[in-house]
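K.L.:
A single structure is presented below for examination.
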Amino acid sequence: WSEPTIRRPLRAPLDGEFRYDRQPVGALQGLDPEHVVLLGTTSKALAPAVRLGWMVLPASLVAEVERAKGLVEPVTSGLDQLVLADLVGSGAYDRHVRARRRSYRRRRDELVAALARRAPHVGVSGLAAGLHLVLTLPPGTEADVLRAAAWHRLALEGLGTFRHPDAGPGPDGVVVGYATPSDSAWAGTLDALCRVLAP
């Protein structure tokens with residue numbers, strides 16, 4: 001758990017990899033490392049299946065966190081940790097993230113441009129960061145769009161999925177991820193989405 005340790009200052013916040021139009025927000029941990037914990041994961045930059053994350057802890061918490069971690073999940077792959085440490089230490093992880101950021105920004109921009117041309121009635125938000133956009137739909141159309149998307153084999157989530165049952169009605173919309181399709185499938189996926197959303 002505690003090895004390998006990378007002992008170098010964090011140059012940038014490790015949880016702001018996919019911000020496109022502005023600089024990442026600085027990590028608070030760098031301001032007061034003995035009182036703030038920094039948590040991060042490789043799930044977006046590499047893959048959720050890798051199941052690796054990290055903590056930058058105040059020295060006073062290391063032993064207690066190691067004990068708690070051992071109770072919850074006693075074995076963490078040493079090989080996976082060593083590979084991640086090598087990726088970070090060699091700079092390969094940073095290069096990979098920069099390449100993915102360029103690719104995802106291009107996809108985001110293509111998606112927004114295609115929606116403006118082919119589905120201008122759809123509102124778009126969540127542009128600044130991440131791997132998803134929120135598309136606001138005309139009232140009463142969310143269920144129809146989700147059915148059409150399923151018919152086209154598109155995995156969209158309706159905004160209703162994220163709403164607490166007691167919250168009452170909210171705007172219709174869908175959450176669209178743009179990181180998953182392969183490069184060869186991207187153009188076809190984008191076309192299918194625009195057909196689903198077209199008026």
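Going by the structure tokens order, chains are called A, B, ..., each with residues numbered from 1, while ligands are numbered from 1 in the order shown.
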Can you tell me, as a PyMOL selection string, which residues in stretch 13-186 of chain A count as helix (DSSP H, G or I) by DSSP?
P.N.:
chain A and resi 28-30+48-50+59-72+78-90+92-118+142-151+159-162+165-167+183-186
K.L.:
Residues near A:Gly140, anyone? I mean within 10 Å using only C-alpha atoms, not counting same-chain ones fewer than 5 positions away, as number ranges by chain.
P.N.:
A: 145, 171-173
K.L.:
Those same residues, written as a short mmCIF file (atom, residue, chain, number, x, y, z; two decimals), in the first residue's frame with N, CA, C and O atoms?
P.N.:
data_model
loop_
_atom_site.label_atom_id
_atom_site.label_comp_id
_atom_site.auth_asym_id
_atom_site.auth_seq_id
_atom_site.Cartn_x
_atom_site.Cartn_y
_atom_site.Cartn_z
N VAL A 145 -36.46 10.50 -26.74
CA VAL A 145 -35.05 10.55 -27.15
C VAL A 145 -34.32 9.33 -26.63
O VAL A 145 -33.52 8.71 -27.35
N PRO A 171 -35.98 19.87 -15.82
CA PRO A 171 -35.90 19.93 -17.28
C PRO A 171 -35.62 18.56 -17.89
O PRO A 171 -34.98 17.71 -17.27
N ASP A 172 -36.13 18.35 -19.08
CA ASP A 172 -35.82 17.14 -19.83
C ASP A 172 -34.42 17.29 -20.40
O ASP A 172 -34.00 18.39 -20.80
N GLY A 173 -33.70 16.18 -20.45
CA GLY A 173 -32.36 16.24 -21.01
C GLY A 173 -31.67 14.89 -20.94
O GLY A 173 -32.20 13.93 -20.39
#
K.L.:
Kindly indicate which residue among A:Gly53, A:Glu142, A:Gly89, A:Val97 lies nearest to A:Thr161, using only C-alpha atoms for the distances.
P.N.:
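Selected residue with least distance to A:Thr161: A:Glu142.
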K.L.:
Residues near stretch 60-65 of chain A, anyone? I mean within 10 Å using only C-alpha atoms, not counting same-chain ones fewer than 3 positions away, as number ranges by chain.
P.N.:
A: 1-2, 34-35, 37, 55-57, 68-71
K.L.:
Residues of stretch 132-193 of chain A in strand (DSSP E or B) according to DSSP, as a list in words?
P.N.:
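For stretch 132-193 of chain A, the strand (DSSP E or B) set is His132, Leu133, Val134, Leu135, Thr136, Glu157, Gly158, Gly173, Val174, Val175, Val176 and Gly177 of chain A.
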K.L.:
Can you measure atom CA of A:Pro33 to atom CA of A:Val88 for me? One decimal in Å is fine.
P.N.:
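Rounded to one decimal, the two atoms are 20.0 Å apart.
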K.L.:
Quick one: everything within 12 Å of A:Leu84, counting only C-alpha atoms, minus sequence neighbours fewer than 6 positions away in the same chain. Send it as an mmCIF file with C-alpha atoms, in the first residue's frame.
P.N.:
data_model
loop_
_atom_site.group_PDB
_atom_site.id
_atom_site.type_symbol
_atom_site.label_atom_id
_atom_site.label_comp_id
_atom_site.auth_asym_id
_atom_site.auth_seq_id
_atom_site.Cartn_x
_atom_site.Cartn_y
_atom_site.Cartn_z
ATOM 1 C CA GLU A 3 5.091 1.580 -1.725
ATOM 2 C CA PRO A 4 6.025 2.765 -4.235
ATOM 3 C CA THR A 5 6.144 6.317 -2.988
ATOM 4 C CA ILE A 6 6.746 9.162 -5.391
ATOM 5 C CA THR A 41 -7.863 8.122 -9.504
ATOM 6 C CA THR A 42 -6.758 6.797 -12.882
ATOM 7 C CA ALA A 45 -7.164 9.039 -17.676
ATOM 8 C CA LEU A 46 -6.454 5.317 -18.074
ATOM 9 C CA VAL A 50 -7.407 -0.391 -13.633
ATOM 10 C CA ARG A 51 -8.876 0.345 -10.174
ATOM 11 C CA LEU A 52 -5.988 2.490 -9.000
ATOM 12 C CA GLY A 53 -6.202 5.682 -7.044
ATOM 13 C CA TRP A 54 -3.971 7.591 -4.683
ATOM 14 C CA SER A 77 -1.558 -5.218 -6.851
ATOM 15 C CA GLY A 78 2.089 -4.309 -6.375
ATOM 16 C CA SER A 90 8.951 8.937 -16.385
ATOM 17 C CA GLY A 91 6.510 11.596 -17.566
ATOM 18 C CA ALA A 92 4.613 9.073 -19.734
ATOM 19 C CA TYR A 93 1.425 9.585 -17.713
ATOM 20 C CA ASP A 94 1.541 13.361 -18.307
#
K.L.:
Using only C-alpha atoms, which residue out of A:Ala99, A:Ala192, A:Ala187, A:Val176 lies closest to A:Trp151?
P.N.:
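Closest to A:Trp151, using only C-alpha atoms: A:Ala192.
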K.L.:
What is the atom CA of A:Glu157 to atom CA of A:Glu17 distance in Å?
P.N.:
23.4 Å
K.L.:
Counting only C-alpha atoms, which residue out of A:Ala129, A:Leu146, A:Leu82, A:Val25 sits closest to A:Leu197?
P.N.:
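Closest candidate: A:Leu146.
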K.L.:
Could you check the closest approach to A:Gly130 for each of A:Val175, A:Val83, A:Ala27, A:Val36 and tell me which residue wins, using only C-alpha atoms?
P.N.:
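That would be A:Val175, the residue with the smallest distance to A:Gly130.
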K.L.:
Could you name the residues that touch A:Pro169 at 12 Å or less, counting only C-alpha atoms, but leaving out those on the same chain fewer than 6 positions away, as a list in words?
P.N.:
Pro139, Gly140, Leu159, Gly160, Thr161, Phe162 and Arg163 of chain A
K.L.:
Using only N, CA, C and O atoms, please write the residues we just selected to a file, as a PDB file, in the first residue's frame.
P.N.:
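Just written: part.pdb:
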ATOM      1  N   PRO A 139     -39.376  20.321 -23.505  1.00  0.00           N
ATOM      2  CA  PRO A 139     -40.196  19.630 -22.495  1.00  0.00           C
ATOM      3  C   PRO A 139     -40.952  18.437 -23.082  1.00  0.00           C
ATOM      4  O   PRO A 139     -41.478  18.501 -24.196  1.00  0.00           O
ATOM      5  N   GLY A 140     -40.953  17.350 -22.322  1.00  0.00           N
ATOM      6  CA  GLY A 140     -41.722  16.169 -22.709  1.00  0.00           C
ATOM      7  C   GLY A 140     -41.062  15.257 -23.726  1.00  0.00           C
ATOM      8  O   GLY A 140     -41.695  14.320 -24.209  1.00  0.00           O
ATOM      9  N   LEU A 159     -31.691  12.879 -17.731  1.00  0.00           N
ATOM     10  CA  LEU A 159     -31.484  13.687 -16.519  1.00  0.00           C
ATOM     11  C   LEU A 159     -32.356  13.194 -15.371  1.00  0.00           C
ATOM     12  O   LEU A 159     -31.986  13.342 -14.204  1.00  0.00           O
ATOM     13  N   GLY A 160     -33.510  12.593 -15.689  1.00  0.00           N
ATOM     14  CA  GLY A 160     -34.376  12.051 -14.652  1.00  0.00           C
ATOM     15  C   GLY A 160     -33.681  11.011 -13.786  1.00  0.00           C
ATOM     16  O   GLY A 160     -34.010  10.847 -12.611  1.00  0.00           O
ATOM     17  N   THR A 161     -32.701  10.315 -14.346  1.00  0.00           N
ATOM     18  CA  THR A 161     -31.944   9.305 -13.605  1.00  0.00           C
ATOM     19  C   THR A 161     -31.184   9.925 -12.436  1.00  0.00           C
ATOM     20  O   THR A 161     -30.972   9.272 -11.423  1.00  0.00           O
ATOM     21  N   PHE A 162     -30.796  11.168 -12.576  1.00  0.00           N
ATOM     22  CA  PHE A 162     -29.971  11.834 -11.575  1.00  0.00           C
ATOM     23  C   PHE A 162     -30.793  12.657 -10.587  1.00  0.00           C
ATOM     24  O   PHE A 162     -30.226  13.280  -9.694  1.00  0.00           O
ATOM     25  N   ARG A 163     -32.097  12.677 -10.750  1.00  0.00           N
ATOM     26  CA  ARG A 163     -32.958  13.519  -9.925  1.00  0.00           C
ATOM     27  C   ARG A 163     -33.538  12.708  -8.773  1.00  0.00           C
ATOM     28  O   ARG A 163     -34.022  11.598  -8.977  1.00  0.00           O
TER      29      ARG A 163
END
